[in-house]
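Here is the structure we will look at, set down as structure tokens.
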2 protein chains.
Amino acid sequence: MTAAIHPVLIAGAWRPARAAVGSFKAVNPATGEAIEASYPISSPAEVEDAVLAGKSAAPAMAGLPPEATADFLETYASAIEGRVDELVRMAHLETGLALEPRLRSVELPRTVFQLRQAAAAVRDRSWRRATIDTKADIRSIFGPLGGPVVVFGPNNFPFAYNSIAGTDFASALAAGNPVIAKAHPCHPGTTRLFAETAFAALRSSGLPAAAVQLLYHMAPEDGLALVGHPALGASAFTGSRPGGLRLKEAADKAGKPIYLEMSSVNPVFILPGALAERGEAIASEMFGSCIMGAGQFCTKPGLIVVPAGVDGEAFIERLRLAFASAPSQILLARSVLDGIRSGLEAMTGAGARILAGGHPPAEPGFRFPGTLLRVSGERFLERPYALQQEAFGPVSLCVTASPAVPYEAIASALEGNLTASVFSHSGEGDEALYQTLAPILRTRCGRLLNDKVPTGVAVSPAMVHGGPFPATGHPGFTAVGFPAAMIRFAALHGYDHVRPDRLPPELRKANPTGRMMRFVDGEWTNR
Amino acid sequence: MTAAIHPVLIAGAWRPARAAVGSFKAVNPATGEAIEASYPISSPAEVEDAVLAGKSAAPAMAGLPPEATADFLETYASAIEGRVDELVRMAHLETGLALEPRLRSVELPRTVFQLRQAAAAVRDRSWRRATIDTKADIRSIFGPLGGPVVVFGPNNFPFAYNSIAGTDFASALAAGNPVIAKAHPCHPGTTRLFAETAFAALRSSGLPAAAVQLLYHMAPEDGLALVGHPALGASAFTGSRPGGLRLKEAADKAGKPIYLEMSSVNPVFILPGALAERGEAIASEMFGSCIMGAGQFCTKPGLIVVPAGVDGEAFIERLRLAFASAPSQILLARSVLDGIRSGLEAMTGAGARILAGGHPPAEPGFRFPGTLLRVSGERFLERPYALQQEAFGPVSLCVTASPAVPYEAIASALEGNLTASVFSHSGEGDEALYQTLAPILRTRCGRLLNDKVPTGVAVSPAMVHGGPFPATGHPGFTAVGFPAAMIRFAALHGYDHVRPDRLPPELRKANPTGRMMRFVDGEWTNR
């Protein structure tokens, strides 16, 4: 006898999966055992239903006052806070992430904060960049895309990047688009709890019933068809590079925008003066950043560049001791373990040497020890691609710079990353080197840091969680921070000689909020 | 004996083409005869030279004060005004476009205006959207891409969209990127005059010598390699849909941003009340818009929807008379003539009937008469793709709406366009229909017009010259209007805990201009 399969949320109703092509269960990564609840793998027909329902909901959403969307986001945020115990228990079971502080005190508050930030941006309306030329009688404004946005959530943030509660969800919805959430199969139960909560909030809002939909899973080829569907507005994906590139190709071919966060080794350059001044403190901070959340952060320092010589060796040795003494980490899923194995294979095959860890323990579940590798700068330049492959998990590679292979050469061999960090002497000691290195790193990362590890992505209007390909698909956007993240899911709408009473309120003469910022006849004004 | 082949502008010098794979001459479209000047088809090695020189120039440009770029753009604009006679003579010879008013009094003034608008935006700096979070100590700002931008100019605007003087050139350079111009082979002489002028202005500026480079032509496969080159920042293309799609595929595969303007039929919906009220005036205005510049505008009305019945028939008949009585138009090139032929074949094959024109005259050069077609709404819905194929030139198709095939059904069958226009009764006569139709058109165009033909693209900050695929490659951008057009060629740069004296001036505490608009701690401020 098989247990009932959970229904999907389509077109404003929880309904049994239609012609599901299969079902799946989440796995407790601490034990490796399946969790007793089955979720459907949706059929192409069901995916089509969701897209068409989302498409039908798009005009109704576009016609709503922004307050309706903001109210929904805020109601939803508060309702999430009413289910914290249930959510953190389920997420802990499905992901192995720590209940405290991670899930309850860090990630859940961040998630509701994001929803509220998005709501505030919706109410403020300045994000739409209303531009008015009264003399030419033309106007422009950001508006919704005209079709639903599909959000593919990642495995590593069951709350803050959840397909139906996280930053992409909040951004796409706040920009006025219906959202089709595609759960990550590692945490369907967590996603279901969010979806139930979202749907209850939705029913008391003025939003159309299909504004938020949920599919748990689908065959890879159906995902490719989905991101290229003619009725789609756009899609967002956070996950592995191979998966992201396949989706990108399908979406690009159809001319549909897709926003991807795919991979990053987040290089850290520790300059000689910093090392001499505070090497021990940096090593300790670096280890914490590498091992936090079992290294399963998009911004984990995967590549640490230190100078060859006594100070560099002492730093590497400190890091090695820390890695070697840490307990094995629970990973999110078997696929993470597999990814680490193939990443390590690529790195050691290219000449990197394992200093600590490197082999999974003989324990139940999916676990891996903190693993530190090293390689010379010379070798790195010979095999730069193999050696900057992301090993998603508690794995980091030290690279030694030298007069023959200076920091700049290593920086120049980097691909696009989410972040790049430079630790330098607190005085002028490393300034000349910094001034050479920073312009190179500037072209290879979204966020440039000084004297700070890259983990910890503040939800701020100034945050850049983006970067050049292949870290993302486009260097001009951020996935975190409101209102900037919303722009990804907006179309630029021009109005030429359109009659005043037919214009969106934001483009009429009177400022609709009395304070939204607009660009009127060449001047920024909030009147 | 062959005439000398013009040199290319690479890495700060005019130099003979290196291992050119061939040469070509422009053709006078009024006579069909070649113009006596030869231009090189660059080799892959020469393309590589340009990319690498551009890449080397990128950091120097990124480090310059904005005033250097603004000075260059303004010096260049003034120098163009010093060569007006030469430029309009050459452009007239190469394109067949009228000396007056088109080239001298419209397009050239627009071109220098664009350069000056770009310069003003560079000086103002607000376009960079400096965002500061003092509490979290993080900041973001738009900055250059880190590599050169390739601009492929179109055939139809030898000045205003010229690869080395037009809106894409100005936008990419103003955003701080070196530009590699790829001339349109229809007007190499015009492009050479601009390049000479630009290079002279460049030498008196503080910009690096490779900030502006020029290639005249290259093999198609070398163009594909170019837009995917790892050292490239981005590329911009204005031209045909097949050419654009090939470039898009190559750029997408390499993860390089590409901005495309590919095709648009610019649908015009004439509602019954407007027709009854002022059908004759609209017909006259519409004919002018269809025939202007021999219909070789991106925003030419290619699809005109009128109601079936007496008023609609009278309108079509007025338009037919106007088309039939107009002289044959000189086209830009043989390729335009070929494109018209294949467009007409597709349309008539799908059931459209030619009412006027349709065959080239027995005259020298490349000419075509104003050509009007008609088709029923029923037929249009049966073959919507064949019937909304852009026939670039003086060709327009009338579609009749009816109770069985209402305006909304026709609108729903449209692909993405640059513009969509609705003519409605000056009172309330057509309001209900407008309110049904406009939301559909809103998702299918960049610029929505009321009671106005779509030709005539004002250079204004509020202009949207963009739209959904396949009109362009991304619905969130505009190719015309400063500063908005510049954003296409910018990367979003984050700074996290970066020391104050290492920050770009725009992100430091003091406002560098005393008036640039910034978003500081949640407030827009110009202090």
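Every chain in the structure tokens has a letter given in the order shown (A, B, ...), and although residue numbers restart at 1 in each chain, ligands are simply numbered from 1 in the order shown.
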
Distance query segment 299-307 of chain B at most 8 Å, only C-alpha atoms, self and fewer than 3 positions along chain excluded, as a ChimeraX atom specification: /B:264-272,286,289-290,295-296,311-312,388,390-391,395-402,407,418-419,453-456

Check: which chain B residues lie within 6 Å of chain A using only C-alpha atoms, as JSON, numbers by chain: {"B": [131, 132, 133, 138, 139, 140, 146, 255, 443, 446, 447, 448, 449, 450, 462, 464, 469, 475, 476, 491, 492, 493, 494, 495, 496, 497, 498]}

Those in segment 106-316 of chain B with helix (DSSP H, G or I) from DSSP, as a VMD selection string: chain B and resid 106 to 124 126 to 128 167 to 174 188 to 203 209 to 211 220 to 227 241 to 254 272 to 295 310 to 316

Phe323 of chain A environment, 10 Å, only C-alpha atoms, sequence neighbours closer than 5 positions dropped, as a ChimeraX atom specification: /A:287-288,290-291,317-318,328,355-357,369-372,394-396

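Taking atom CA of Thr513 of chain A and atom CA of Leu64 of chain A as the two end points, the separation is 15.4 Å.
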
Close residues, segment 214-222 of chain B itself excluded, 8 Å, only C-alpha atoms, min 4 positions apart in chain, as a PyMOL selection string: chain B and resi 8-10+39-44+47+164+180-185+188+195+226

Export of prior selection with C-alpha atoms as a PDB file, in the first residue's frame:
```pdb
ATOM      1  CA  VAL B   8      41.095  49.826 -40.148  1.00  0.00           C
ATOM      2  CA  LEU B   9      41.261  51.603 -36.789  1.00  0.00           C
ATOM      3  CA  ILE B  10      42.802  49.236 -34.260  1.00  0.00           C
ATOM      4  CA  TYR B  39      37.088  48.455 -47.586  1.00  0.00           C
ATOM      5  CA  PRO B  40      38.574  45.353 -45.987  1.00  0.00           C
ATOM      6  CA  ILE B  41      36.796  42.283 -44.713  1.00  0.00           C
ATOM      7  CA  SER B  42      38.787  41.673 -41.556  1.00  0.00           C
ATOM      8  CA  SER B  43      40.453  38.407 -40.749  1.00  0.00           C
ATOM      9  CA  PRO B  44      39.838  36.521 -37.487  1.00  0.00           C
ATOM     10  CA  VAL B  47      39.115  40.811 -34.930  1.00  0.00           C
ATOM     11  CA  ILE B 164      30.647  54.610 -34.267  1.00  0.00           C
ATOM     12  CA  ILE B 180      34.555  48.226 -31.222  1.00  0.00           C
ATOM     13  CA  ALA B 181      32.404  49.533 -34.050  1.00  0.00           C
ATOM     14  CA  LYS B 182      31.470  47.120 -36.803  1.00  0.00           C
ATOM     15  CA  ALA B 183      30.338  49.243 -39.750  1.00  0.00           C
ATOM     16  CA  HIS B 184      27.297  48.363 -41.755  1.00  0.00           C
ATOM     17  CA  PRO B 185      28.617  47.380 -45.210  1.00  0.00           C
ATOM     18  CA  PRO B 188      31.380  52.218 -44.974  1.00  0.00           C
ATOM     19  CA  ALA B 195      35.672  57.174 -37.302  1.00  0.00           C
ATOM     20  CA  LEU B 226      33.268  37.885 -31.704  1.00  0.00           C
TER      21      LEU B 226
END
```

Test item: residues at most 12 Å from Glu345 of chain B, only C-alpha atoms, excluding those fewer than 2 positions along its chain, as number ranges by chain: B: 338-343, 347-354, 358-359, 373, 386-387, 389-391

Long-range neighbours of Leu52 of chain A as a ChimeraX atom specification, 9 Å cut-off, only C-alpha atoms, 5 positions minimum in chain: /A:11,47,57,147-148,231-232

Dump as a compact mmCIF listing (two decimals), in the first residue's frame, selection limited to N, CA, C and O atoms:
```txt
# COMPACT_ATOMS: atom_id res chain seq x y z
N ALA A 11 -3.95 26.85 -10.12
CA ALA A 11 -5.13 27.63 -10.50
C ALA A 11 -6.07 27.87 -9.32
O ALA A 11 -7.28 27.79 -9.44
N VAL A 47 2.12 20.87 -15.83
CA VAL A 47 2.96 22.05 -15.99
C VAL A 47 2.26 23.07 -16.89
O VAL A 47 2.21 24.27 -16.59
N ALA A 57 -3.84 34.84 -14.90
CA ALA A 57 -3.84 35.69 -13.70
C ALA A 57 -3.06 36.98 -13.91
O ALA A 57 -3.25 37.95 -13.17
N GLY A 147 3.28 37.60 -17.97
CA GLY A 147 3.15 36.14 -17.83
C GLY A 147 3.75 35.73 -16.50
O GLY A 147 4.42 36.54 -15.85
N PRO A 148 3.52 34.49 -16.08
CA PRO A 148 4.02 34.08 -14.77
C PRO A 148 5.54 33.92 -14.75
O PRO A 148 6.17 33.72 -15.78
N ALA A 231 4.09 31.39 -23.06
CA ALA A 231 3.22 32.19 -22.17
C ALA A 231 3.94 32.66 -20.92
O ALA A 231 3.38 33.38 -20.10
N LEU A 232 5.20 32.26 -20.77
CA LEU A 232 5.94 32.58 -19.54
C LEU A 232 6.43 34.03 -19.55
O LEU A 232 6.72 34.59 -20.60
```

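Put simply, atom CA of Ala225 of chain B is 7.1 Å away from atom CA of Ala250 of chain B.
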
Residues flagged strand (DSSP E or B) by DSSP in segment 110-274 of chain A, as an NGL selection string: :A and (131-133 or 138-143 or 149-152 or 179-182 or 212-215 or 218 or 234-238 or 258-261 or 268-270)

Dump of N, CA and C atoms for the selected residues, as a JSON list (two decimals), in the first residue's frame:
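Generated output (result-v8.json):
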```
[["chain", "number", "residue", "atom", "x", "y", "z"],
["A", 131, "THR", "N", 9.29, 57.77, -15.34],
["A", 131, "THR", "CA", 10.02, 58.83, -16.03],
["A", 131, "THR", "C", 9.04, 59.57, -16.92],
["A", 132, "ILE", "N", 9.00, 60.86, -16.77],
["A", 132, "ILE", "CA", 7.98, 61.65, -17.46],
["A", 132, "ILE", "C", 8.65, 62.78, -18.23],
["A", 133, "ASP", "N", 8.29, 62.91, -19.50],
["A", 133, "ASP", "CA", 8.76, 64.02, -20.33],
["A", 133, "ASP", "C", 7.49, 64.75, -20.77],
["A", 138, "ILE", "N", 5.82, 61.91, -23.44],
["A", 138, "ILE", "CA", 6.12, 60.47, -23.38],
["A", 138, "ILE", "C", 6.56, 60.12, -21.96],
["A", 139, "ARG", "N", 6.36, 58.86, -21.63],
["A", 139, "ARG", "CA", 6.56, 58.40, -20.26],
["A", 139, "ARG", "C", 7.04, 56.95, -20.27],
["A", 140, "SER", "N", 7.76, 56.56, -19.23],
["A", 140, "SER", "CA", 8.14, 55.16, -19.12],
["A", 140, "SER", "C", 8.10, 54.73, -17.67],
["A", 141, "ILE", "N", 7.93, 53.43, -17.48],
["A", 141, "ILE", "CA", 7.83, 52.88, -16.13],
["A", 141, "ILE", "C", 8.05, 51.37, -16.20],
["A", 142, "PHE", "N", 8.63, 50.82, -15.14],
["A", 142, "PHE", "CA", 8.73, 49.36, -15.06],
["A", 142, "PHE", "C", 7.38, 48.78, -14.67],
["A", 143, "GLY", "N", 7.01, 47.72, -15.37],
["A", 143, "GLY", "CA", 5.74, 47.05, -15.10],
["A", 143, "GLY", "C", 5.93, 45.54, -15.17],
["A", 149, "VAL", "N", 6.09, 34.02, -13.56],
["A", 149, "VAL", "CA", 7.52, 33.77, -13.35],
["A", 149, "VAL", "C", 7.67, 32.43, -12.63],
["A", 150, "VAL", "N", 8.52, 31.59, -13.18],
["A", 150, "VAL", "CA", 8.81, 30.30, -12.53],
["A", 150, "VAL", "C", 10.04, 30.45, -11.66],
["A", 151, "VAL", "N", 9.95, 30.03, -10.42],
["A", 151, "VAL", "CA", 11.09, 30.09, -9.51],
["A", 151, "VAL", "C", 11.53, 28.68, -9.14],
["A", 152, "PHE", "N", 12.75, 28.35, -9.49],
["A", 152, "PHE", "CA", 13.36, 27.08, -9.10],
["A", 152, "PHE", "C", 14.20, 27.34, -7.84],
["A", 179, "VAL", "N", 3.45, 33.85, -9.67],
["A", 179, "VAL", "CA", 4.63, 33.01, -9.51],
["A", 179, "VAL", "C", 4.23, 31.54, -9.54],
["A", 180, "ILE", "N", 4.99, 30.77, -10.28],
["A", 180, "ILE", "CA", 4.89, 29.31, -10.21],
["A", 180, "ILE", "C", 6.14, 28.83, -9.49],
["A", 181, "ALA", "N", 5.95, 28.32, -8.27],
["A", 181, "ALA", "CA", 7.09, 27.82, -7.51],
["A", 181, "ALA", "C", 7.36, 26.38, -7.90],
["A", 182, "LYS", "N", 8.62, 26.09, -8.12],
["A", 182, "LYS", "CA", 9.02, 24.70, -8.35],
["A", 182, "LYS", "C", 9.91, 24.34, -7.15],
["A", 212, "VAL", "N", -0.20, 32.53, -7.00],
["A", 212, "VAL", "CA", 0.84, 31.69, -6.42],
["A", 212, "VAL", "C", 0.47, 30.23, -6.67],
["A", 213, "GLN", "N", 1.34, 29.50, -7.33],
["A", 213, "GLN", "CA", 1.09, 28.09, -7.60],
["A", 213, "GLN", "C", 2.33, 27.28, -7.20],
["A", 214, "LEU", "N", 2.13, 26.00, -7.01],
["A", 214, "LEU", "CA", 3.25, 25.15, -6.57],
["A", 214, "LEU", "C", 3.27, 23.82, -7.29],
["A", 215, "LEU", "N", 4.42, 23.51, -7.85],
["A", 215, "LEU", "CA", 4.70, 22.16, -8.36],
["A", 215, "LEU", "C", 5.90, 21.65, -7.58],
["A", 218, "MET", "N", 9.37, 17.88, -11.50],
["A", 218, "MET", "CA", 9.01, 17.55, -12.88],
["A", 218, "MET", "C", 10.24, 16.92, -13.53],
["A", 234, "ALA", "N", 9.15, 35.01, -17.19],
["A", 234, "ALA", "CA", 10.60, 34.82, -16.99],
["A", 234, "ALA", "C", 10.77, 33.65, -16.02],
["A", 235, "SER", "N", 12.02, 33.30, -15.76],
["A", 235, "SER", "CA", 12.26, 32.29, -14.74],
["A", 235, "SER", "C", 13.52, 32.63, -13.95],
["A", 236, "ALA", "N", 13.61, 32.00, -12.80],
["A", 236, "ALA", "CA", 14.76, 32.22, -11.91],
["A", 236, "ALA", "C", 15.20, 30.87, -11.38],
["A", 237, "PHE", "N", 16.49, 30.68, -11.35],
["A", 237, "PHE", "CA", 17.04, 29.39, -10.93],
["A", 237, "PHE", "C", 18.25, 29.64, -10.05],
["A", 238, "THR", "N", 18.31, 28.95, -8.93],
["A", 238, "THR", "CA", 19.52, 28.95, -8.11],
["A", 238, "THR", "C", 19.91, 27.50, -7.91],
["A", 258, "ILE", "N", 15.88, 34.70, -18.18],
["A", 258, "ILE", "CA", 16.11, 33.75, -17.09],
["A", 258, "ILE", "C", 17.23, 34.31, -16.23],
["A", 259, "TYR", "N", 17.03, 34.26, -14.94],
["A", 259, "TYR", "CA", 18.04, 34.76, -14.00],
["A", 259, "TYR", "C", 18.60, 33.57, -13.25],
["A", 260, "LEU", "N", 19.90, 33.44, -13.30],
["A", 260, "LEU", "CA", 20.54, 32.24, -12.80],
["A", 260, "LEU", "C", 21.59, 32.60, -11.77],
["A", 261, "GLU", "N", 21.65, 31.77, -10.73],
["A", 261, "GLU", "CA", 22.79, 31.85, -9.83],
["A", 261, "GLU", "C", 23.36, 30.46, -9.82],
["A", 268, "VAL", "N", 39.39, 34.49, -2.11],
["A", 268, "VAL", "CA", 39.85, 35.37, -1.04],
["A", 268, "VAL", "C", 41.35, 35.57, -1.21],
["A", 269, "PHE", "N", 41.78, 36.80, -1.29],
["A", 269, "PHE", "CA", 43.20, 37.11, -1.42],
["A", 269, "PHE", "C", 43.70, 37.69, -0.10],
["A", 270, "ILE", "N", 44.64, 36.98, 0.52],
["A", 270, "ILE", "CA", 45.21, 37.49, 1.77],
["A", 270, "ILE", "C", 46.59, 38.05, 1.45]]
```

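A straight line drawn from atom CA of Met61 of chain B to atom CA of Ala211 of chain B is 7.6 Å long.
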
Pro364 of chain B surroundings by only C-alpha atoms, 9 Å radius, close-in-sequence under 5 positions cut, as a PyMOL selection string: chain B and resi 29-32
